[in-house]
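Source file: entry_1.txt. Holds: compact mmCIF, C-alpha atoms.
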# COMPACT_ATOMS: atom_id res chain seq x y z
CA GLU R 16 72.92 132.20 87.27
CA GLY R 17 70.65 131.16 90.13
CA THR R 18 68.02 133.91 90.01
CA ARG R 19 65.87 135.93 87.64
CA ASN R 20 65.25 138.64 90.22
CA LEU R 21 67.34 141.59 89.06
CA THR R 22 67.10 143.44 92.38
CA ALA R 23 68.32 140.42 94.37
CA TRP R 24 71.17 139.90 91.90
CA SER R 25 72.20 143.57 92.10
CA LEU R 26 72.17 143.50 95.89
CA LEU R 27 74.40 140.44 95.86
CA GLN R 28 76.91 142.17 93.56
CA ARG R 29 77.06 145.16 95.89
CA ALA R 30 77.48 142.88 98.91
CA GLU R 31 80.33 141.01 97.23
CA GLN R 32 82.11 144.30 96.53
CA LEU R 33 81.69 145.30 100.18
CA HIS R 34 83.02 141.90 101.21
CA ARG R 35 86.19 142.54 99.19
CA GLU R 36 86.52 146.01 100.73
CA GLY R 37 86.11 144.52 104.18
CA GLU R 38 88.84 141.95 103.56
CA ALA R 39 91.16 144.74 102.43
CA ALA R 40 90.31 146.68 105.60
CA ALA R 41 91.07 143.61 107.70
CA GLU R 42 94.45 143.21 106.01
CA ALA R 43 95.18 146.87 106.73
CA GLY R 44 94.17 146.43 110.39
CA ASP R 45 91.18 148.79 110.11
CA SER R 46 88.62 147.05 112.33
CA LEU R 47 86.10 149.89 112.11
CA ALA R 48 86.01 149.79 108.31
CA LEU R 49 85.78 146.01 108.46
CA ALA R 50 82.75 146.12 110.77
CA ARG R 51 81.09 148.82 108.68
CA THR R 52 81.54 147.15 105.30
CA PHE R 53 80.66 143.64 106.48
CA GLY R 54 77.64 144.99 108.37
CA THR R 55 76.36 146.86 105.33
CA ALA R 56 76.93 143.81 103.12
CA ASP R 57 74.93 141.62 105.48
CA SER R 58 72.07 144.14 105.53
CA LEU R 59 71.93 144.14 101.71
CA LEU R 60 71.89 140.36 101.66
CA ALA R 61 69.11 140.28 104.26
CA VAL R 62 67.03 142.34 101.81
CA ALA R 63 68.02 140.14 98.84
CA GLU R 64 67.25 136.83 100.53
CA PRO R 65 63.40 136.99 100.56
CA LEU R 66 63.27 138.45 97.04
CA ASP R 67 64.04 134.99 95.65
CA PRO R 68 63.54 132.31 98.33
CA ARG R 69 64.82 129.61 95.94
CA TRP R 70 68.23 131.25 95.51
CA SER R 71 70.81 130.23 98.11
CA ASP R 72 73.72 132.51 97.12
CA PRO R 73 72.77 135.49 99.33
CA ILE R 74 72.39 133.18 102.33
CA VAL R 75 75.74 131.49 101.70
CA LEU R 76 77.44 134.87 101.47
CA ARG R 77 75.85 135.92 104.76
CA ALA R 78 77.30 132.78 106.32
CA LEU R 79 80.70 133.52 104.79
CA LEU R 80 80.69 137.02 106.26
CA ALA R 81 79.89 135.58 109.70
CA TYR R 82 82.63 132.97 109.33
CA ARG R 83 85.18 135.59 108.36
CA ARG R 84 84.14 137.70 111.36
CA SER R 85 84.75 134.66 113.57
CA ARG R 86 88.25 134.25 112.12
CA LEU R 87 89.19 137.92 112.52
CA VAL R 88 88.91 138.12 116.32
CA ASN R 89 92.39 136.71 117.07
CA ASP R 90 91.20 133.21 117.97
CA ASP R 91 89.20 134.50 120.93
CA PRO R 92 86.55 131.79 121.57
CA GLY R 93 84.22 134.19 123.40
CA LEU R 94 84.19 136.63 120.49
CA ALA R 95 84.21 133.99 117.75
CA GLU R 96 81.41 131.76 119.05
CA PRO R 97 78.47 134.14 118.36
CA TRP R 98 79.65 134.62 114.78
CA ILE R 99 80.04 130.87 114.31
CA ARG R 100 76.53 130.33 115.63
CA THR R 101 75.20 133.02 113.28
CA GLY R 102 77.04 131.49 110.33
CA LEU R 103 75.70 128.01 111.06
CA GLY R 104 72.17 129.40 111.22
CA HIS R 105 72.57 130.95 107.77
CA ILE R 106 74.06 127.76 106.34
CA GLU R 107 71.22 125.59 107.56
CA ARG R 108 68.79 127.86 105.69
CA ALA R 109 70.97 127.73 102.58
CA LEU R 110 71.09 123.93 102.67
CA ALA R 111 67.32 123.82 103.15
CA VAL R 112 67.07 125.69 99.85
CA GLN R 113 69.80 123.69 98.05
CA ALA R 114 70.89 120.56 99.91
CA ASN R 115 73.76 119.72 97.55
CA ASN R 116 75.41 123.12 97.40
CA PRO R 117 79.17 122.38 97.65
CA ASP R 118 80.00 125.95 98.71
CA ALA R 119 77.50 125.73 101.57
CA LEU R 120 78.83 122.34 102.65
CA GLU R 121 82.43 123.57 102.56
CA LEU R 122 81.46 126.58 104.64
CA ARG R 123 79.54 124.50 107.18
CA GLY R 124 82.61 122.27 107.43
CA ASN R 125 84.81 125.32 108.08
CA LEU R 126 82.45 126.62 110.77
CA ARG R 127 82.33 123.24 112.48
CA TYR R 128 86.07 122.70 112.17
CA TYR R 129 86.87 126.13 113.57
CA SER R 130 84.55 125.35 116.48
CA PHE R 131 86.65 122.24 117.07
CA LEU R 132 89.92 124.16 116.87
CA LEU R 133 88.63 126.70 119.39
CA GLU R 134 87.52 123.80 121.62
CA LEU R 135 83.93 125.04 121.71
CA GLY R 136 82.71 121.50 122.22
CA THR R 137 81.49 121.10 125.77
CA ASP R 138 83.26 117.75 126.22
CA GLN R 139 85.47 115.27 124.38
CA ALA R 140 82.51 113.53 122.75
CA ARG R 141 81.25 116.83 121.34
CA GLN R 142 84.74 117.69 120.08
CA LYS R 143 84.91 114.36 118.23
CA GLN R 144 81.48 115.02 116.76
CA LEU R 145 82.55 118.45 115.54
CA ILE R 146 85.65 117.21 113.71
CA ALA R 147 83.83 114.18 112.26
CA SER R 148 80.95 116.30 110.95
CA ALA R 149 83.38 118.87 109.51
CA GLU R 150 85.29 116.12 107.71
CA SER R 151 82.01 114.71 106.35
CA ASP R 152 81.02 118.15 105.00
CA PHE R 153 84.38 118.66 103.28
CA VAL R 154 84.33 115.20 101.72
CA LYS R 155 80.77 115.63 100.45
CA ALA R 156 81.62 119.05 98.99
CA THR R 157 84.54 117.54 97.05
CA GLU R 158 82.38 114.65 95.86
CA LEU R 159 79.79 117.10 94.53
CA ASN R 160 82.49 119.29 92.98
CA PRO R 161 85.90 117.64 92.38
CA SER R 162 87.35 121.14 91.85
CA GLN R 163 86.31 122.40 95.30
CA ALA R 164 89.81 123.64 96.13
CA GLY R 165 88.92 125.28 99.44
CA ALA R 166 87.37 122.09 100.81
CA TYR R 167 90.47 120.11 99.85
CA ALA R 168 92.66 122.75 101.53
CA SER R 169 90.60 122.53 104.73
CA LEU R 170 90.70 118.73 104.58
CA SER R 171 94.48 118.82 104.37
CA HIS R 172 94.58 120.89 107.58
CA LEU R 173 92.07 118.61 109.29
CA TYR R 174 93.97 115.46 108.31
CA ASN R 175 97.22 117.09 109.42
CA ASN R 176 95.61 117.76 112.79
CA LYS R 177 94.61 114.11 113.05
CA ALA R 178 98.05 112.96 111.89
CA THR R 179 99.61 114.62 114.94
CA GLU R 180 97.73 112.01 116.98
CA GLY R 181 99.95 109.34 115.44
CA ASN R 182 97.58 108.06 112.75
CA ALA R 183 100.06 107.26 109.99
CA SER R 184 97.43 106.89 107.27
CA ASN R 185 96.45 110.50 107.81
CA ALA R 186 99.87 111.71 106.66
CA ILE R 187 99.06 110.23 103.25
CA ASP R 188 95.61 111.81 103.40
CA VAL R 189 97.17 115.21 104.17
CA ILE R 190 99.41 114.96 101.11
CA ASP R 191 96.59 113.77 98.85
CA ALA R 192 94.19 116.54 99.93
CA ALA R 193 96.86 119.22 99.63
CA ASN R 194 97.83 118.03 96.15
CA ARG R 195 94.17 118.05 95.10
CA ALA R 196 93.72 121.58 96.46
CA LEU R 197 96.62 122.89 94.37
CA ALA R 198 95.52 120.90 91.31
CA ALA R 199 92.06 122.48 91.57
CA ASP R 200 93.43 126.00 92.10
CA ALA R 201 97.17 126.60 91.98
CA PHE R 202 96.62 130.21 93.07
CA LEU R 203 94.64 129.58 96.24
CA SER R 204 94.88 132.50 98.64
CA ASN R 205 96.67 130.19 101.08
CA ALA R 206 98.77 128.33 98.49
CA ASP R 207 101.88 129.08 100.55
CA VAL R 208 100.36 127.26 103.53
CA ILE R 209 99.34 124.28 101.39
CA ILE R 210 102.79 124.01 99.79
CA TYR R 211 104.50 124.15 103.18
CA ARG R 212 102.08 121.49 104.48
CA LEU R 213 103.11 119.26 101.58
CA PHE R 214 106.76 119.82 102.46
CA SER R 215 106.31 119.13 106.18
CA SER R 216 104.13 116.02 105.69
CA LEU R 217 106.58 114.51 103.21
CA TYR R 218 109.52 115.40 105.50
CA ASP R 219 107.75 113.73 108.42
CA ILE R 220 107.33 110.43 106.54
CA SER R 221 110.93 110.53 105.21
CA ASP R 222 110.01 111.18 101.58
CA PHE R 223 112.87 113.63 101.34
CA PRO R 224 113.15 114.04 97.53
CA LYS R 225 109.51 115.13 97.28
CA ALA R 226 109.84 117.28 100.40
CA GLU R 227 112.81 119.03 98.81
CA LYS R 228 110.81 119.56 95.60
CA TRP R 229 108.01 121.38 97.48
CA CYS R 230 110.51 123.41 99.49
CA ARG R 231 112.05 124.61 96.21
CA GLU R 232 108.61 125.31 94.74
CA GLY R 233 107.62 127.35 97.78
CA LEU R 234 110.85 129.33 97.64
CA ARG R 235 110.34 130.00 93.93
CA ARG R 236 106.77 131.22 94.36
CA PHE R 237 107.08 132.91 97.75
CA PRO R 238 110.71 134.04 98.12
CA GLY R 239 109.92 136.40 100.99
CA ASN R 240 107.98 133.83 103.00
CA SER R 241 109.87 132.64 106.06
CA ARG R 242 108.42 129.11 105.76
CA PHE R 243 110.59 128.44 102.73
CA THR R 244 113.75 129.55 104.43
CA GLU R 245 112.79 127.34 107.36
CA CYS R 246 112.25 124.30 105.12
CA ARG R 247 115.80 124.66 103.77
CA LEU R 248 117.10 124.44 107.33
CA TYR R 249 114.97 121.37 108.05
CA LEU R 250 116.38 119.68 104.95
CA MET R 251 119.87 120.08 106.43
CA SER R 252 118.84 117.67 109.19
CA ILE R 253 117.83 114.72 106.98
CA LYS R 254 119.81 111.50 106.89
CA GLY R 255 122.54 111.60 104.29
CA ALA R 256 122.71 115.40 104.20
CA LYS R 257 126.11 117.11 104.31
CA PRO R 258 125.17 120.59 105.49
CA ASP R 259 127.35 123.65 105.30
CA PRO R 260 127.37 125.20 108.81
CA ALA R 261 128.06 128.69 107.44
CA MET R 262 125.04 128.41 105.13
CA ALA R 263 122.92 127.15 108.04
CA TRP R 264 123.77 130.30 110.02
CA ARG R 265 122.97 132.53 107.06
CA LEU R 266 119.60 130.86 106.61
CA ALA R 267 118.91 131.22 110.34
CA ASP R 268 119.66 134.94 110.21
CA THR R 269 117.36 135.30 107.18
CA LEU R 270 114.60 133.38 108.94
CA VAL R 271 114.74 135.65 111.99
CA ALA R 272 114.83 138.78 109.81
CA LEU R 273 111.69 137.63 107.96
CA THR R 274 109.78 137.11 111.22
CA SER R 275 107.55 139.80 112.69
CA GLU R 276 108.84 141.45 115.83
CA ASP R 277 106.31 139.83 118.19
CA GLY R 278 107.47 136.31 117.20
CA ARG R 279 111.13 137.06 116.67
CA GLU R 280 112.50 135.82 120.00
CA PHE R 281 110.85 132.41 119.65
CA GLN R 282 111.98 132.22 116.03
CA ARG R 283 115.55 133.08 117.00
CA LEU R 284 115.67 130.20 119.47
CA GLN R 285 114.05 127.75 117.06
CA ALA R 286 116.43 128.85 114.29
CA ASN R 287 119.31 128.14 116.67
CA LEU R 288 117.97 124.62 117.22
CA LEU R 289 117.66 124.06 113.48
CA VAL R 290 121.28 125.17 113.09
CA ALA R 291 122.19 122.79 115.91
CA ALA R 292 120.47 119.97 113.99
CA ALA R 293 122.48 120.93 110.89
CA LEU R 294 125.70 120.94 112.94
CA ALA R 295 124.83 117.53 114.38
CA ARG R 296 124.18 116.13 110.90
CA ALA R 297 127.41 117.71 109.59
CA SER R 298 129.27 116.14 112.50
CA ILE R 299 127.90 112.72 111.58
CA ALA R 300 128.67 113.22 107.88
CA GLY R 301 132.23 114.40 108.47
CA ASN R 302 133.02 112.58 111.74
CA THR R 303 133.91 115.92 113.35
CA PRO R 304 133.35 115.85 117.14
CA GLN R 305 133.88 119.61 117.46
CA LEU R 306 130.71 120.24 115.46
CA ALA R 307 128.80 117.92 117.81
CA ASP R 308 130.11 119.93 120.77
CA SER R 309 128.98 123.16 119.07
CA ALA R 310 125.53 121.65 118.55
CA ARG R 311 125.26 120.74 122.25
CA HIS R 312 126.27 124.23 123.39
CA LEU R 313 123.80 125.80 120.98
CA VAL R 314 120.93 123.62 122.22
CA ALA R 315 121.73 124.40 125.85
CA ARG R 316 121.23 128.13 125.30
CA SER R 317 118.16 127.81 123.07
CA LEU R 318 115.63 125.92 125.19
CA GLY R 319 113.43 128.94 125.91
CA ASN R 320 110.77 129.02 128.61
CA PRO R 321 106.96 128.76 128.87
CA GLU R 322 106.55 132.49 128.45
CA ILE R 323 108.33 132.56 125.08
CA ASP R 324 107.13 129.10 124.07
CA PRO R 325 103.79 128.14 125.74
CA PRO R 326 103.30 124.89 123.71
CA ARG R 327 106.92 123.94 124.49
CA GLU R 328 107.90 123.21 120.90
CA LEU R 329 111.54 124.12 121.55
CA PRO R 330 112.20 121.15 123.86
CA LEU R 331 110.83 118.86 121.13
CA ASP R 332 113.34 120.28 118.63
CA ALA R 333 116.09 120.02 121.25
CA ALA R 334 115.20 116.35 121.85
CA PHE R 335 115.63 115.70 118.14
CA VAL R 336 119.14 117.20 118.16
CA TYR R 337 120.11 115.21 121.25
CA THR R 338 118.81 112.04 119.58
CA MET R 339 120.99 112.74 116.52
CA LEU R 340 123.95 113.21 118.87
CA GLY R 341 123.24 109.88 120.59
CA ASP R 342 122.49 111.50 123.95
CA LYS R 343 119.34 109.57 124.84
CA ALA R 344 119.14 110.79 128.45
CA ALA R 345 119.13 114.45 127.40
CA ALA R 346 116.63 113.71 124.62
CA LEU R 347 114.24 112.01 127.04
CA GLN R 348 114.55 114.87 129.50
CA GLN R 349 113.46 117.36 126.84
CA LEU R 350 110.68 115.07 125.63
CA LYS R 351 109.32 114.98 129.19
CA VAL R 352 109.02 118.77 129.10
CA PHE R 353 107.18 118.58 125.78
CA VAL R 354 104.79 115.80 126.85
CA ALA R 355 104.00 117.60 130.12
CA ALA R 356 102.75 120.56 128.09
CA ASN R 357 101.10 118.33 125.45
CA PRO R 358 99.59 115.36 127.28
CA ASN R 359 97.97 113.90 124.15
CA SER R 360 101.20 113.79 122.17
CA GLY R 361 102.34 110.28 123.01
CA ALA R 362 100.83 108.59 119.97
CA SER R 363 102.46 110.99 117.52
CA LEU R 364 105.86 110.55 119.18
CA ALA R 365 105.52 106.77 118.97
CA ASP R 366 104.36 106.79 115.33
CA PRO R 367 106.50 104.10 113.63
CA ASN R 368 106.45 106.11 110.41
CA GLY R 369 108.11 109.07 112.09
CA TRP R 370 111.90 109.24 111.95
CA TRP R 371 113.00 111.87 114.45
CA PHE R 372 112.89 109.51 117.43
CA LYS R 373 113.26 106.13 115.72
CA ASP R 374 116.49 105.49 117.66
CA LEU R 375 114.55 105.86 120.92
CA GLN R 376 111.58 103.67 120.09
CA GLN R 377 112.90 100.59 121.94
CA ASP R 378 114.19 102.56 124.92
CA PRO R 379 112.21 101.71 128.11
CA GLY R 380 112.16 105.35 129.21
CA PHE R 381 110.77 106.43 125.86
CA LEU R 382 108.13 103.69 125.92
CA ARG R 383 107.02 104.75 129.39
CA LEU R 384 106.91 108.40 128.29
CA VAL R 385 104.81 107.88 125.17
CA GLY R 386 102.56 105.50 127.05
CA SER R 387 101.82 108.19 129.64
CA GLY R 388 101.31 110.78 126.89
CA SER R 389 98.95 108.80 124.65
Take the structure in the file and write it out as structure tokens.
Amino acid sequence: EGTRNLTAWSLLQRAEQLHREGEAAAEAGDSLALARTFGTADSLLAVAEPLDPRWSDPIVLRALLAYRRSRLVNDDPGLAEPWIRTGLGHIERALAVQANNPDALELRGNLRYYSFLLELGTDQARQKQLIASAESDFVKATELNPSQAGAYASLSHLYNNKATEGNASNAIDVIDAANRALAADAFLSNADVIIYRLFSSLYDISDFPKAEKWCREGLRRFPGNSRFTECRLYLMSIKGAKPDPAMAWRLADTLVALTSEDGREFQRLQANLLVAAALARASIAGNTPQLADSARHLVARSLGNPEIDPPRELPLDAAFVYTMLGDKAAALQQLKVFVAANPNSGASLADPNGWWFKDLQQDPGFLRLVGSGS
């Protein structure tokens, strides 16, 4: 569509086929085949590019190959950074050819945003610049093409990242961008991630009926995906729920079985804490103190350690269970562990739209804790 040069067009077709082969190799864990196919594709595109200097597609695909190489090095900043730099160089040439190319803008946003996630900014000001410029690229791409599903999907992740800083308006932005991504392309390659993000964002702002709807939709479309077993456990913790403890244990066992071996120990402990939350909620619903005691015992043996849980997410879940049980001192103790590992988490914990720790929000110890962690 963008060129009349048959040779350039043919080279692009061959490069796109090699790109698909490389992605299949990556999924199969064949790094040598990945490097070979992506390298050959880039060489073909380097030949195609000067054959029609007014056609940006070969340059955008070169940038995409570099971006994918940056994402396939296991989040290693040292290995990813050269590929990000290469990709950005290609994108700047593509935008010089076609300034309003939504695919190029989406890709530049992804490269900038991944730089932010890898903390490649040299200081806090540079990090803020990276995320702001990425957001600007995604927004402009969606303005140019309202069906730019990938840009909406990336925006939903970016807004979700910002929402963890306690910005309540971003939770609404996350939901809006995720909905737009699915409306533009219901079969996005990461549709499972987008659907779970819709569930978790709606759960976080207490819109439980809609959260339940997306949990059911995820389970229907992706029955073997552990996220949609996990969401069923989370729904057992909501206010007004009357969970079945036996069902909670069955879901926990399924969740662990669906988890890969390298993450299974962490998942086992987190599943225990989700069962403990279900037991706590069942205790409240049925006024059964023995279930509350079971929840406490389960939390006590499921706290993990920094080796299993470096970001210390398990103490956060434990604090939620203790809050449900009315044990504020134990909840605050676990929150201290979480904040120590996540010193910028205070604002998200204090978010008035959150509901996990609403019962603590006037507690002096909680106020001191979130103040020190903001």
Which residues of stretch 50-165 of chain R have any atom within 12 Å of an atom in stretch 18-24 of chain R when counting all atoms listed in the file, and what is the closest pair of atoms for each, with the distance in Å to one decimal? Order the rows by chain and rising number and write it as CSV.
residue,atom,partner,partner_atom,distance
R:Leu59,CA,R:Ala23,CA,9.0
R:Leu60,CA,R:Ala23,CA,8.1
R:Ala61,CA,R:Ala23,CA,9.9
R:Val62,CA,R:Ala23,CA,7.8
R:Ala63,CA,R:Ala23,CA,4.5
R:Glu64,CA,R:Ala23,CA,7.2
R:Pro65,CA,R:Ala23,CA,8.6
R:Leu66,CA,R:Ala23,CA,6.0
R:Asp67,CA,R:Asn20,CA,6.7
R:Pro68,CA,R:Thr18,CA,9.6
R:Arg69,CA,R:Thr18,CA,8.0
R:Trp70,CA,R:Thr18,CA,6.1
R:Ser71,CA,R:Thr18,CA,9.3
R:Asp72,CA,R:Thr18,CA,9.2
R:Pro73,CA,R:Ala23,CA,8.3
R:Ile74,CA,R:Ala23,CA,11.5
Since we have the selection now, will you write its residues out, keeping C-alpha atoms, as an mmCIF file, in the frame of the given file?
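Saved as out_30.cif:
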data_model
loop_
_atom_site.group_PDB
_atom_site.id
_atom_site.type_symbol
_atom_site.label_atom_id
_atom_site.label_comp_id
_atom_site.auth_asym_id
_atom_site.auth_seq_id
_atom_site.Cartn_x
_atom_site.Cartn_y
_atom_site.Cartn_z
ATOM 1 C CA LEU R 59 71.930 144.140 101.710
ATOM 2 C CA LEU R 60 71.890 140.360 101.660
ATOM 3 C CA ALA R 61 69.110 140.280 104.260
ATOM 4 C CA VAL R 62 67.030 142.340 101.810
ATOM 5 C CA ALA R 63 68.020 140.140 98.840
ATOM 6 C CA GLU R 64 67.250 136.830 100.530
ATOM 7 C CA PRO R 65 63.400 136.990 100.560
ATOM 8 C CA LEU R 66 63.270 138.450 97.040
ATOM 9 C CA ASP R 67 64.040 134.990 95.650
ATOM 10 C CA PRO R 68 63.540 132.310 98.330
ATOM 11 C CA ARG R 69 64.820 129.610 95.940
ATOM 12 C CA TRP R 70 68.230 131.250 95.510
ATOM 13 C CA SER R 71 70.810 130.230 98.110
ATOM 14 C CA ASP R 72 73.720 132.510 97.120
ATOM 15 C CA PRO R 73 72.770 135.490 99.330
ATOM 16 C CA ILE R 74 72.390 133.180 102.330
#
- Message: So that I can check the surroundings of R:His312, please list as a list of chain:residue names every protein, DNA and RNA residue that reaches within 12 Å of it, counting all atoms listed in the file and ignoring chain neighbours fewer than 2 positions away.
- Response: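 Close residues of R:His312: R:Asn287, R:Leu288, R:Val290, R:Ala291, R:Ala292, R:Leu294, R:Ala295, R:Gln305, R:Leu306, R:Ala307, R:Asp308, R:Ser309, R:Ala310, R:Val314, R:Ala315, R:Arg316, R:Ser317, R:Leu318, R:Ala333, R:Val336, R:Tyr337.
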- Query: In terms of the shortest atom-to-atom distance over all atoms listed in the file, which of R:Leu173, R:Ala147, R:Ala78, R:Leu120 is closest to R:Gly104?
  - Reply: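 Selected residue with least distance to R:Gly104: R:Ala78.
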- Quick one: residues within 8 Å of stretch 153-163 of chain R, all atoms listed in the file counted, chain neighbours fewer than 6 positions away excluded, as a VMD selection string? chain R and resid 115 to 118 120 to 121 124 169 to 170 196 199 to 200
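Straight-line separation from atom CA of R:Glu38 to atom CA of R:Asp57: 14.0 Å.
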- Considering all atoms listed in the file, return as a ChimeraX atom specification whatever protein or nucleic-acid residues lie within 8 Å of stretch 222-238 of chain R, sequence-local ones (same chain, fewer than 3 positions apart) excluded. /R:207,210-211,213-219,243-244,246-247,250,253
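Nearest residue to R:Ser204 among R:Ala168, R:Leu266, R:Leu126, R:Ile220 is R:Ala168, counting all atoms listed in the file.
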- Message: Rounded to one decimal, what separation in Å do you get between atom CA of R:Ala81 and atom CA of R:Glu31?
- Response: 13.6 Å
- Which distance in Å separates atom CA of R:Gly319 and atom CA of R:Gln349, to one decimal?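 Distance between the two atoms: 11.6 Å.
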- Query: Taking into account only C-alpha atoms, which residue in the set R:Asp342, R:Asp152, R:Glu245, R:Glu134 is nearest to R:Leu375?
  - Reply: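 So, comparing all the options, the nearest one is R:Asp342.
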- Query: Nearest to R:Leu132: which of R:Ile146, R:Leu103, R:Leu94, R:Ala111 is it, counting only C-alpha atoms?
  - Reply: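 The shortest atom-to-atom distance to R:Leu132 comes from R:Ile146.
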- Message: Given only C-alpha atoms as the basis, pick out the residue of R:Ser363, R:Thr101, R:Gly54, R:His34 nearest to R:Gln376.
- Response: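 Ranking R:Ser363, R:Thr101, R:Gly54, R:His34 by distance to R:Gln376, first place goes to R:Ser363.
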Write out, as a Markdown table, each residue of stretch 244-351 of chain R that has an atom at most 12 Å from stretch 366-374 of chain R, together with the closest pair of atoms and their distance in Å to one decimal, counting only C-alpha atoms, rows going by chain and rising number.
| residue | atom | partner | partner_atom | distance |
| --- | --- | --- | --- | --- |
| R:Tyr249 | CA | R:Trp371 | CA | 11.6 |
| R:Ser252 | CA | R:Trp371 | CA | 9.8 |
| R:Ile253 | CA | R:Trp371 | CA | 9.3 |
| R:Lys254 | CA | R:Trp370 | CA | 9.7 |
| R:Ala292 | CA | R:Trp371 | CA | 11.0 |
| R:Leu331 | CA | R:Trp371 | CA | 9.9 |
| R:Asp332 | CA | R:Trp371 | CA | 9.4 |
| R:Ala333 | CA | R:Trp371 | CA | 11.1 |
| R:Ala334 | CA | R:Phe372 | CA | 8.5 |
| R:Phe335 | CA | R:Trp371 | CA | 5.9 |
| R:Val336 | CA | R:Trp371 | CA | 8.9 |
| R:Tyr337 | CA | R:Phe372 | CA | 10.0 |
| R:Thr338 | CA | R:Phe372 | CA | 6.8 |
| R:Met339 | CA | R:Trp371 | CA | 8.3 |
| R:Leu340 | CA | R:Asp374 | CA | 10.8 |
| R:Gly341 | CA | R:Asp374 | CA | 8.6 |
| R:Asp342 | CA | R:Asp374 | CA | 10.6 |
| R:Lys343 | CA | R:Asp374 | CA | 8.7 |
| R:Ala346 | CA | R:Phe372 | CA | 9.1 |
| R:Leu347 | CA | R:Phe372 | CA | 10.0 |
| R:Leu350 | CA | R:Phe372 | CA | 10.2 |
